[in-house]
$ cat input_31.cif   # mmCIF, C-alpha atoms and all ligand atoms
data_protein
#
loop_
_atom_site.group_PDB
_atom_site.id
_atom_site.type_symbol
_atom_site.label_atom_id
_atom_site.label_comp_id
_atom_site.auth_asym_id
_atom_site.auth_seq_id
_atom_site.Cartn_x
_atom_site.Cartn_y
_atom_site.Cartn_z
ATOM 1 C CA MET A 1353 126.442 95.411 88.050
ATOM 2 C CA PRO A 1354 129.521 93.809 86.476
ATOM 3 C CA ASP A 1355 128.770 90.444 88.068
ATOM 4 C CA ASP A 1356 125.392 89.886 86.448
ATOM 5 C CA PRO A 1357 125.181 86.584 84.570
ATOM 6 C CA VAL A 1358 124.558 86.969 80.849
ATOM 7 C CA TRP A 1359 120.835 86.257 81.134
ATOM 8 C CA LEU A 1360 120.339 88.963 83.797
ATOM 9 C CA ALA A 1361 122.400 91.545 81.955
ATOM 10 C CA THR A 1362 120.281 90.770 78.893
ATOM 11 C CA ALA A 1363 117.017 90.958 80.859
ATOM 12 C CA LYS A 1364 117.931 94.407 82.163
ATOM 13 C CA THR A 1365 118.092 95.721 78.605
ATOM 14 C CA LEU A 1366 114.470 94.699 78.030
ATOM 15 C CA SER A 1367 111.639 97.131 78.553
ATOM 16 C CA ALA A 1368 108.789 96.096 80.844
ATOM 17 C CA GLY A 1369 106.872 93.055 79.649
ATOM 18 C CA ARG A 1370 109.405 92.147 76.932
ATOM 19 C CA ARG A 1371 111.143 88.801 76.427
ATOM 20 C CA ILE A 1372 113.953 87.512 74.284
ATOM 21 C CA ARG A 1373 115.511 84.101 73.576
ATOM 22 C CA ILE A 1374 119.214 83.471 73.988
ATOM 23 C CA GLU A 1375 121.505 80.439 74.083
ATOM 24 C CA CYS A 1376 121.733 78.263 77.182
ATOM 25 C CA CYS A 1377 122.850 74.619 77.109
ATOM 26 C CA ALA A 1378 122.927 74.108 73.339
ATOM 27 C CA HIS A 1379 123.378 76.126 70.197
ATOM 28 C CA ASP A 1380 119.749 76.929 69.717
ATOM 29 C CA LYS A 1381 118.167 79.750 71.678
ATOM 30 C CA SER A 1382 116.400 77.705 74.344
ATOM 31 C CA LEU A 1383 116.626 80.267 77.161
ATOM 32 C CA MET A 1384 113.700 82.629 77.475
ATOM 33 C CA VAL A 1385 114.727 85.804 79.270
ATOM 34 C CA SER A 1386 111.963 88.166 80.323
ATOM 35 C CA ASN A 1387 111.370 91.398 82.189
ATOM 36 C CA GLU A 1388 108.167 90.639 84.057
ATOM 37 C CA GLU A 1389 106.163 92.738 86.438
ATOM 38 C CA ARG A 1390 107.743 91.153 89.511
ATOM 39 C CA GLY A 1391 111.264 90.769 88.223
ATOM 40 C CA TYR A 1392 113.679 89.375 85.688
ATOM 41 C CA ARG A 1393 113.282 85.714 84.801
ATOM 42 C CA ALA A 1394 115.231 83.098 82.831
ATOM 43 C CA TYR A 1395 113.651 79.838 81.734
ATOM 44 C CA CYS A 1396 115.267 77.220 79.567
ATOM 45 C CA PHE A 1397 113.067 74.872 77.580
ATOM 46 C CA ARG A 1398 115.630 72.143 78.167
ATOM 47 C CA CYS A 1399 116.863 72.609 81.725
ATOM 48 C CA GLY A 1400 113.978 74.483 83.298
ATOM 49 C CA PRO A 1401 114.113 77.574 85.558
ATOM 50 C CA ARG A 1402 117.513 79.283 85.377
ATOM 51 C CA GLY A 1403 116.998 82.284 87.561
ATOM 52 C CA PHE A 1404 114.769 84.997 88.945
ATOM 53 C CA VAL A 1405 115.673 88.383 90.381
ATOM 54 C CA ALA A 1406 112.916 90.509 91.911
ATOM 55 C CA HIS A 1407 112.802 94.104 90.771
ATOM 56 C CA GLY A 1408 112.860 95.166 94.406
ATOM 57 C CA ASP A 1409 114.964 98.234 94.891
ATOM 58 C CA PHE A 1410 116.010 98.262 91.285
ATOM 59 C CA SER A 1411 112.632 98.836 89.728
ATOM 60 C CA ILE A 1412 112.393 101.946 87.594
ATOM 61 C CA ASP A 1413 109.483 103.202 89.686
ATOM 62 C CA GLN A 1414 111.363 102.772 92.901
ATOM 63 C CA LEU A 1415 114.412 104.610 91.604
ATOM 64 C CA ARG A 1416 112.232 107.454 90.352
ATOM 65 C CA ARG A 1417 110.529 107.684 93.741
ATOM 66 C CA ARG A 1418 113.871 107.758 95.548
ATOM 67 C CA ARG A 1419 115.069 110.566 93.282
ATOM 68 C CA GLU A 1420 111.937 112.620 93.881
ATOM 69 C CA GLU A 1421 112.097 112.031 97.619
ATOM 70 C CA PHE A 1422 115.758 112.967 97.731
ATOM 71 C CA ALA A 1423 114.953 116.233 95.941
ATOM 72 C CA LEU A 1424 112.120 116.968 98.381
ATOM 73 C CA LEU A 1425 114.475 116.549 101.323
ATOM 74 C CA GLN A 1426 117.391 118.480 99.833
ATOM 75 C CA GLU A 1427 115.770 121.528 98.266
ATOM 76 C CA ALA A 1428 116.178 124.843 100.069
ATOM 77 C CA ASN A 1429 112.433 125.380 100.417
ATOM 78 C CA VAL A 1430 110.030 123.075 102.162
ATOM 79 C CA ARG A 1431 107.392 121.997 99.686
ATOM 80 C CA LEU A 1432 104.921 119.165 99.284
ATOM 81 C CA PRO A 1433 105.239 116.541 96.534
ATOM 82 C CA ASN A 1434 104.167 117.949 93.146
ATOM 83 C CA ASP A 1435 101.153 115.680 92.900
ATOM 84 C CA PHE A 1436 100.035 116.158 96.512
ATOM 85 C CA THR A 1437 96.277 115.835 96.864
ATOM 86 C CA THR A 1438 93.973 115.871 99.862
ATOM 87 C CA GLU A 1439 91.886 113.213 98.131
ATOM 88 C CA ILE A 1440 93.321 110.140 99.818
ATOM 89 C CA PRO A 1441 92.119 106.877 98.225
ATOM 90 C CA PRO A 1442 90.427 104.865 101.015
ATOM 91 C CA ASN A 1443 92.771 101.894 100.643
ATOM 92 C CA GLU A 1444 95.781 104.202 101.011
ATOM 93 C CA ALA A 1445 94.310 105.841 104.092
ATOM 94 C CA ILE A 1446 94.229 102.648 106.147
ATOM 95 C CA TRP A 1447 97.167 103.827 108.235
ATOM 96 C CA LEU A 1448 95.149 106.919 109.205
ATOM 97 C CA TYR A 1449 91.989 104.955 109.970
ATOM 98 C CA ARG A 1450 93.927 102.491 112.118
ATOM 99 C CA ALA A 1451 95.209 105.430 114.130
ATOM 100 C CA GLY A 1452 91.637 106.584 114.692
ATOM 101 C CA ILE A 1453 91.880 109.475 112.219
ATOM 102 C CA SER A 1454 88.611 109.755 110.301
ATOM 103 C CA ALA A 1455 88.433 111.093 106.751
ATOM 104 C CA ALA A 1456 86.856 114.273 108.151
ATOM 105 C CA LEU A 1457 89.662 114.758 110.663
ATOM 106 C CA ALA A 1458 92.277 114.126 107.954
ATOM 107 C CA LYS A 1459 90.606 116.721 105.769
ATOM 108 C CA HIS A 1460 90.485 119.200 108.639
ATOM 109 C CA TYR A 1461 94.251 118.988 109.035
ATOM 110 C CA GLY A 1462 94.919 118.996 105.292
ATOM 111 C CA PHE A 1463 96.453 115.531 105.300
ATOM 112 C CA GLY A 1464 96.900 114.111 101.842
ATOM 113 C CA PHE A 1465 98.526 111.693 99.475
ATOM 114 C CA SER A 1466 101.151 111.613 96.757
ATOM 115 C CA PRO A 1467 100.158 109.046 94.106
ATOM 116 C CA SER A 1468 103.629 109.104 92.528
ATOM 117 C CA LEU A 1469 105.481 108.603 95.824
ATOM 118 C CA LYS A 1470 102.791 106.326 97.275
ATOM 119 C CA ARG A 1471 103.013 108.149 100.555
ATOM 120 C CA VAL A 1472 100.410 109.584 102.885
ATOM 121 C CA VAL A 1473 101.597 113.113 103.564
ATOM 122 C CA LEU A 1474 100.995 115.031 106.784
ATOM 123 C CA PRO A 1475 101.832 118.693 106.160
ATOM 124 C CA VAL A 1476 102.672 120.896 109.132
ATOM 125 C CA TYR A 1477 101.430 124.465 108.894
ATOM 126 C CA SER A 1478 102.216 127.359 111.159
ATOM 127 C CA GLY A 1479 100.612 130.670 112.044
ATOM 128 C CA GLU A 1480 97.409 132.268 110.893
ATOM 129 C CA ARG A 1481 98.555 132.320 107.301
ATOM 130 C CA ARG A 1482 99.049 128.581 107.511
ATOM 131 C CA THR A 1483 102.593 128.640 106.160
ATOM 132 C CA LEU A 1484 103.950 125.208 105.313
ATOM 133 C CA VAL A 1485 106.852 124.546 107.671
ATOM 134 C CA GLY A 1486 107.310 120.817 107.294
ATOM 135 C CA PHE A 1487 105.799 117.442 106.595
ATOM 136 C CA THR A 1488 105.958 113.767 107.423
ATOM 137 C CA ALA A 1489 105.273 111.239 104.660
ATOM 138 C CA ARG A 1490 104.669 107.551 105.241
ATOM 139 C CA SER A 1491 105.005 104.932 102.520
ATOM 140 C CA THR A 1492 101.894 102.869 101.818
ATOM 141 C CA ILE A 1493 103.834 100.211 99.905
ATOM 142 C CA GLY A 1494 106.449 99.373 102.511
ATOM 143 C CA ALA A 1495 109.210 101.388 100.837
ATOM 144 C CA LYS A 1496 112.254 102.360 102.817
ATOM 145 C CA PRO A 1497 112.579 104.611 104.610
ATOM 146 C CA LYS A 1498 109.061 104.104 105.908
ATOM 147 C CA TYR A 1499 108.857 107.753 106.941
ATOM 148 C CA ILE A 1500 110.452 110.746 105.332
ATOM 149 C CA GLU A 1501 110.367 113.958 107.274
ATOM 150 C CA ARG A 1502 111.301 117.537 106.590
ATOM 151 C CA THR A 1503 111.010 120.744 108.590
ATOM 152 C CA ARG A 1504 111.984 124.278 107.680
ATOM 153 C CA SER A 1505 114.150 124.644 110.786
ATOM 154 C CA PRO A 1506 114.458 123.018 114.214
ATOM 155 C CA ALA A 1507 112.173 125.772 115.494
ATOM 156 C CA HIS A 1508 109.445 124.525 113.195
ATOM 157 C CA ALA A 1509 109.768 120.866 114.093
ATOM 158 C CA VAL A 1510 106.687 120.931 116.222
ATOM 159 C CA PHE A 1511 103.126 120.094 115.321
ATOM 160 C CA THR A 1512 100.303 121.600 117.369
ATOM 161 C CA ALA A 1513 96.929 119.910 117.502
ATOM 162 C CA ASP A 1514 94.037 122.195 116.588
ATOM 163 C CA SER A 1515 91.983 122.930 119.689
ATOM 164 C CA SER A 1516 88.865 123.365 117.561
ATOM 165 C CA THR A 1517 88.810 119.577 117.078
ATOM 166 C CA ALA A 1518 88.507 118.968 120.821
ATOM 167 C CA LEU A 1519 85.665 116.728 121.905
ATOM 168 C CA PRO A 1520 83.074 118.209 124.262
ATOM 169 C CA ALA A 1521 84.416 116.128 127.164
ATOM 170 C CA THR A 1522 87.551 118.249 127.135
ATOM 171 C CA ASP A 1523 85.697 121.025 128.905
ATOM 172 C CA ASP A 1524 85.034 118.702 131.818
ATOM 173 C CA TRP A 1525 88.542 118.765 133.274
ATOM 174 C CA PRO A 1526 87.956 119.996 136.807
ATOM 175 C CA GLU A 1527 89.765 123.239 137.523
ATOM 176 C CA GLY A 1528 93.446 122.596 138.166
ATOM 177 C CA SER A 1529 93.315 118.960 137.069
ATOM 178 C CA GLY A 1530 94.623 117.310 133.917
ATOM 179 C CA PRO A 1531 97.723 118.418 132.052
ATOM 180 C CA ASP A 1532 97.952 121.877 130.461
ATOM 181 C CA LEU A 1533 99.992 120.331 127.691
ATOM 182 C CA VAL A 1534 100.681 116.826 126.420
ATOM 183 C CA ILE A 1535 103.790 116.132 124.364
ATOM 184 C CA THR A 1536 103.688 113.188 121.959
ATOM 185 C CA GLU A 1537 106.188 111.849 119.474
ATOM 186 C CA ASP A 1538 104.232 111.699 116.238
ATOM 187 C CA ILE A 1539 101.634 113.841 114.532
ATOM 188 C CA LEU A 1540 98.790 111.319 114.505
ATOM 189 C CA SER A 1541 99.152 110.747 118.233
ATOM 190 C CA ALA A 1542 99.010 114.510 118.794
ATOM 191 C CA VAL A 1543 95.886 114.761 116.659
ATOM 192 C CA ARG A 1544 94.204 112.037 118.713
ATOM 193 C CA VAL A 1545 95.305 113.173 122.157
ATOM 194 C CA GLY A 1546 94.677 116.790 121.143
ATOM 195 C CA ARG A 1547 90.946 116.083 121.036
ATOM 196 C CA LEU A 1548 90.882 115.335 124.745
ATOM 197 C CA VAL A 1549 93.205 117.863 126.337
ATOM 198 C CA ARG A 1550 93.649 121.610 126.338
ATOM 199 C CA ARG A 1551 96.802 121.474 124.283
ATOM 200 C CA CYS A 1552 98.893 118.798 122.609
ATOM 201 C CA VAL A 1553 102.030 118.990 120.495
ATOM 202 C CA ALA A 1554 104.127 116.430 118.626
ATOM 203 C CA LEU A 1555 107.865 116.835 118.561
ATOM 204 C CA MET A 1556 108.307 115.205 115.119
ATOM 205 C CA GLY A 1557 111.084 112.944 116.278
ATOM 206 C CA THR A 1558 112.186 112.107 119.765
ATOM 207 C CA SER A 1559 114.699 114.804 120.594
ATOM 208 C CA ALA A 1560 113.214 118.026 121.850
ATOM 209 C CA ASN A 1561 115.203 121.188 121.251
ATOM 210 C CA GLU A 1562 115.029 124.628 122.870
ATOM 211 C CA HIS A 1563 112.764 125.998 120.154
ATOM 212 C CA GLN A 1564 110.274 123.210 120.543
ATOM 213 C CA LEU A 1565 110.233 123.585 124.288
ATOM 214 C CA ALA A 1566 109.222 127.220 123.827
ATOM 215 C CA SER A 1567 105.753 125.833 123.184
ATOM 216 C CA THR A 1568 105.609 124.898 126.858
ATOM 217 C CA GLU A 1569 105.261 128.550 127.861
ATOM 218 C CA GLY A 1570 102.199 129.317 129.899
ATOM 219 C CA CYS A 1571 101.872 125.748 131.157
ATOM 220 C CA ARG A 1572 102.243 124.437 134.655
ATOM 221 C CA THR A 1573 101.571 120.739 134.228
ATOM 222 C CA ILE A 1574 103.068 118.938 131.261
ATOM 223 C CA ALA A 1575 102.484 115.295 130.391
ATOM 224 C CA VAL A 1576 105.048 113.481 128.270
ATOM 225 C CA TRP A 1577 103.614 110.534 126.347
ATOM 226 C CA LEU A 1578 106.065 109.187 123.813
ATOM 227 C CA ASP A 1579 106.157 105.824 122.040
ATOM 228 C CA PRO A 1580 106.967 102.698 124.061
ATOM 229 C CA ASP A 1581 110.058 101.700 122.068
ATOM 230 C CA ARG A 1582 113.574 102.191 123.367
ATOM 231 C CA ALA A 1583 114.085 105.522 121.576
ATOM 232 C CA GLY A 1584 110.825 106.849 122.963
ATOM 233 C CA LYS A 1585 111.609 105.748 126.495
ATOM 234 C CA THR A 1586 115.054 107.340 126.487
ATOM 235 C CA ALA A 1587 113.718 110.556 125.006
ATOM 236 C CA ALA A 1588 110.844 110.719 127.484
ATOM 237 C CA HIS A 1589 113.243 110.304 130.373
ATOM 238 C CA LYS A 1590 115.451 113.178 129.158
ATOM 239 C CA LEU A 1591 112.526 115.425 128.354
ATOM 240 C CA LEU A 1592 110.852 114.872 131.722
ATOM 241 C CA ARG A 1593 114.070 115.735 133.512
ATOM 242 C CA ARG A 1594 114.567 118.910 131.523
ATOM 243 C CA LEU A 1595 111.009 120.048 132.094
ATOM 244 C CA ALA A 1596 111.250 119.300 135.814
ATOM 245 C CA LEU A 1597 114.466 121.324 136.030
ATOM 246 C CA GLN A 1598 112.629 124.217 134.409
ATOM 247 C CA GLY A 1599 110.062 124.088 137.172
ATOM 248 C CA TYR A 1600 107.175 122.379 135.465
ATOM 249 C CA LYS A 1601 105.068 119.789 137.168
ATOM 250 C CA THR A 1602 105.575 116.759 134.967
ATOM 251 C CA ILE A 1603 103.519 113.655 134.333
ATOM 252 C CA ALA A 1604 105.080 110.602 132.714
ATOM 253 C CA ILE A 1605 102.618 108.533 130.745
ATOM 254 C CA ARG A 1606 103.891 105.100 129.809
ATOM 255 C CA THR A 1607 101.764 102.742 127.785
ATOM 256 C CA GLU A 1608 102.294 99.536 125.866
ATOM 257 C CA GLN A 1609 101.355 101.142 122.576
ATOM 258 C CA ASP A 1610 101.640 104.513 120.842
ATOM 259 C CA PRO A 1611 99.069 107.060 122.066
ATOM 260 C CA LYS A 1612 97.224 106.910 118.733
ATOM 261 C CA ARG A 1613 96.357 103.251 119.304
ATOM 262 C CA TYR A 1614 93.984 103.993 122.179
ATOM 263 C CA SER A 1615 90.343 104.955 122.082
ATOM 264 C CA ASN A 1616 89.243 108.419 123.142
ATOM 265 C CA ARG A 1617 87.875 106.958 126.349
ATOM 266 C CA GLU A 1618 91.171 105.200 127.104
ATOM 267 C CA ILE A 1619 93.210 108.297 126.333
ATOM 268 C CA ARG A 1620 91.028 110.327 128.588
ATOM 269 C CA SER A 1621 91.303 107.842 131.420
ATOM 270 C CA LEU A 1622 95.101 107.458 131.006
ATOM 271 C CA LEU A 1623 95.427 111.218 131.327
ATOM 272 C CA SER A 1624 93.061 111.432 134.290
ATOM 273 C CA SER A 1625 94.528 108.686 136.409
ATOM 274 C CA THR A 1626 97.845 110.468 136.827
HETATM 275 ZN ZN ZN A 1701 119.364 75.109 79.232
#
$ encode --input "input_31.cif" --output "structure tokens"
Amino acid sequence: MPDDPVWLATAKTLSAGRRIRIECCAHDKSLMVSNEERGYRAYCFRCGPRGFVAHGDFSIDQLRRRREEFALLQEANVRLPNDFTTEIPPNEAIWLYRAGISAALAKHYGFGFSPSLKRVVLPVYSGERRTLVGFTARSTIGAKPKYIERTRSPAHAVFTADSSTALPATDDWPEGSGPDLVITEDILSAVRVGRLVRRCVALMGTSANEHQLASTEGCRTIAVWLDPDRAGKTAAHKLLRRLALQGYKTIAIRTEQDPKRYSNREIRSLLSST
């Protein structure tokens, strides 16, 4: 940063919590420059506050996190963060709870947390050997990007809800009614909807590819229930058309909120009324 004023350039040389006095408006050192928790600060005992710059994107922690995240996304093999743990501190799991995912359900799916990245991590496993094929990780401190996502290949960019988590009501679908498969956009929505239908997958992103659509085999009726934002609407439209062209009976489910925001009862009724 060649344009930093002297006080800021000085502050950036200080380790966390340190302060130093330099010259300001006179020949004595009246300007206190400090590296505080929230940012760099300059205060002159003669002329008052002289500047403050929040650590923001420049904090050491944030840079370290970005480096680690970049490595996670670039490495040849899909892996979870080094400090991944399935013990998610309750105050970090709020995002899950708000989406109706209980601690037990999170544990069932092996969802976890990376304390160093401050991200809730949703691993995606495949096959009986539960091979890790991808993950989505959401920041709990509002870091950007909010979500980071990685999959082993486009073929693996699909998350399938575990049918063993289905609620008893799922058996009640009268023969020939209800969708054979519901396609959602995100993993948490698939987990929620997957408790109320025979089968539910999340596309991990909005654009479905040929590999992902292979999971539609053996279905007759497919419901597409993506997010209500513009990207979701456009993607749903395309997906419905492709599925219809392939001969499936399609159901478009459009709601004001993401599927995961609805109660089990509401999800059930949204899927029944079509
Ligand atoms: Zn001064």
$ closest_atom_pairs --input "input_31.cif" --of "segment 1525-1603 of chain A" --to "segment 1452-1455 of chain A" --cutoff "9 Å" --atoms "only C-alpha atoms" --output "Markdown table"
| residue | atom | partner | partner_atom | distance |
| --- | --- | --- | --- | --- |
| A:Leu1540 | CA | A:Ile1453 | CA | 7.5 |
| A:Val1543 | CA | A:Ile1453 | CA | 8.0 |
| A:Arg1544 | CA | A:Gly1452 | CA | 7.2 |
$ residues_around --input "input_31.cif" --residues "segment 1359-1374 of chain A" --least-positions-apart "6" --cutoff "7 Å" --atoms "only C-alpha atoms" --output "ChimeraX atom specification"
/A:1381-1389,1392,1394
$ atom_distance --input "input_31.cif" --atom1 "atom CA of Val1358 of chain A" --atom2 "atom CA of Glu1375 of chain A"
9.9 Å
$ atom_distance --input "input_31.cif" --atom1 "atom CA of Arg1582 of chain A" --atom2 "atom CA of Asp1538 of chain A"
15.1 Å
$ resolve_selection --input "input_31.cif" --expression "the PyMOL selection byres (((not hetatm)) within 9 of (chain A and resi 1701))" --output "list of chain:residue names"
A:Glu1375, A:Cys1376, A:Cys1377, A:Ala1378, A:Lys1381, A:Ser1382, A:Leu1383, A:Tyr1395, A:Cys1396, A:Phe1397, A:Arg1398, A:Cys1399, A:Gly1400, A:Pro1401, A:Arg1402
$ residues_near_point --input "input_31.cif" --point "(95.9, 119.4, 117.4)" --cutoff "10 Å" --atoms "all atoms listed in the file" --output "list in words"
Tyr1461, Phe1511, Thr1512, Ala1513, Asp1514, Ser1515, Ser1516, Thr1517, Ala1518, Ile1539, Leu1540, Ser1541, Ala1542, Val1543, Arg1544, Val1545, Gly1546, Arg1547, Leu1548, Val1549, Arg1550, Arg1551, Cys1552, Val1553 and Ala1554 of chain A
$ atom_distance --input "input_31.cif" --atom1 "atom CA of Phe1436 of chain A" --atom2 "atom CA of Asp1579 of chain A"
28.2 Å
$ resolve_selection --input "input_31.cif" --expression "the PyMOL selection byres (((chain A and resi 1561) around 12) and not hetatm)" --output "PyMOL selection string"
chain A and resi 1505-1510+1555-1560+1562-1568+1587+1590-1591+1594-1595
$ residues_near_point --input "input_31.cif" --point "(100.9, 101.7, 95.7)" --cutoff "7 Å" --atoms "only C-alpha atoms" --output "list in words"
Lys1470, Thr1492 and Ile1493 of chain A
$ residues_around --input "input_31.cif" --residues "Gly1530 of chain A" --least-positions-apart "2" --cutoff "7 Å" --atoms "all atoms listed in the file" --output "NGL selection string"
:A and (1525 or 1528 or 1532 or 1623-1624)
$ resolve_selection --input "input_31.cif" --expression "the PyMOL selection byres (((chain A and resi 1491) around 10) and not hetatm)" --output "ChimeraX atom specification"
/A:1444,1447,1465-1466,1469-1473,1489-1490,1492-1500
$ write_last_selection --input "input_31.cif" --atoms "C-alpha atoms" --output "short mmCIF file (atom, residue, chain, number, x, y, z; two decimals), in the frame of the given file"
data_model
loop_
_atom_site.label_atom_id
_atom_site.label_comp_id
_atom_site.auth_asym_id
_atom_site.auth_seq_id
_atom_site.Cartn_x
_atom_site.Cartn_y
_atom_site.Cartn_z
CA GLU A 1444 95.78 104.20 101.01
CA TRP A 1447 97.17 103.83 108.24
CA PHE A 1465 98.53 111.69 99.48
CA SER A 1466 101.15 111.61 96.76
CA LEU A 1469 105.48 108.60 95.82
CA LYS A 1470 102.79 106.33 97.28
CA ARG A 1471 103.01 108.15 100.56
CA VAL A 1472 100.41 109.58 102.88
CA VAL A 1473 101.60 113.11 103.56
CA ALA A 1489 105.27 111.24 104.66
CA ARG A 1490 104.67 107.55 105.24
CA THR A 1492 101.89 102.87 101.82
CA ILE A 1493 103.83 100.21 99.90
CA GLY A 1494 106.45 99.37 102.51
CA ALA A 1495 109.21 101.39 100.84
CA LYS A 1496 112.25 102.36 102.82
CA PRO A 1497 112.58 104.61 104.61
CA LYS A 1498 109.06 104.10 105.91
CA TYR A 1499 108.86 107.75 106.94
CA ILE A 1500 110.45 110.75 105.33
#
$ closest_residue --input "input_31.cif" --among "A:Arg1502, A:Lys1601, A:Arg1418, A:Arg1613" --to "Ser1468 of chain A" --atoms "all atoms listed in the file"
A:Arg1418
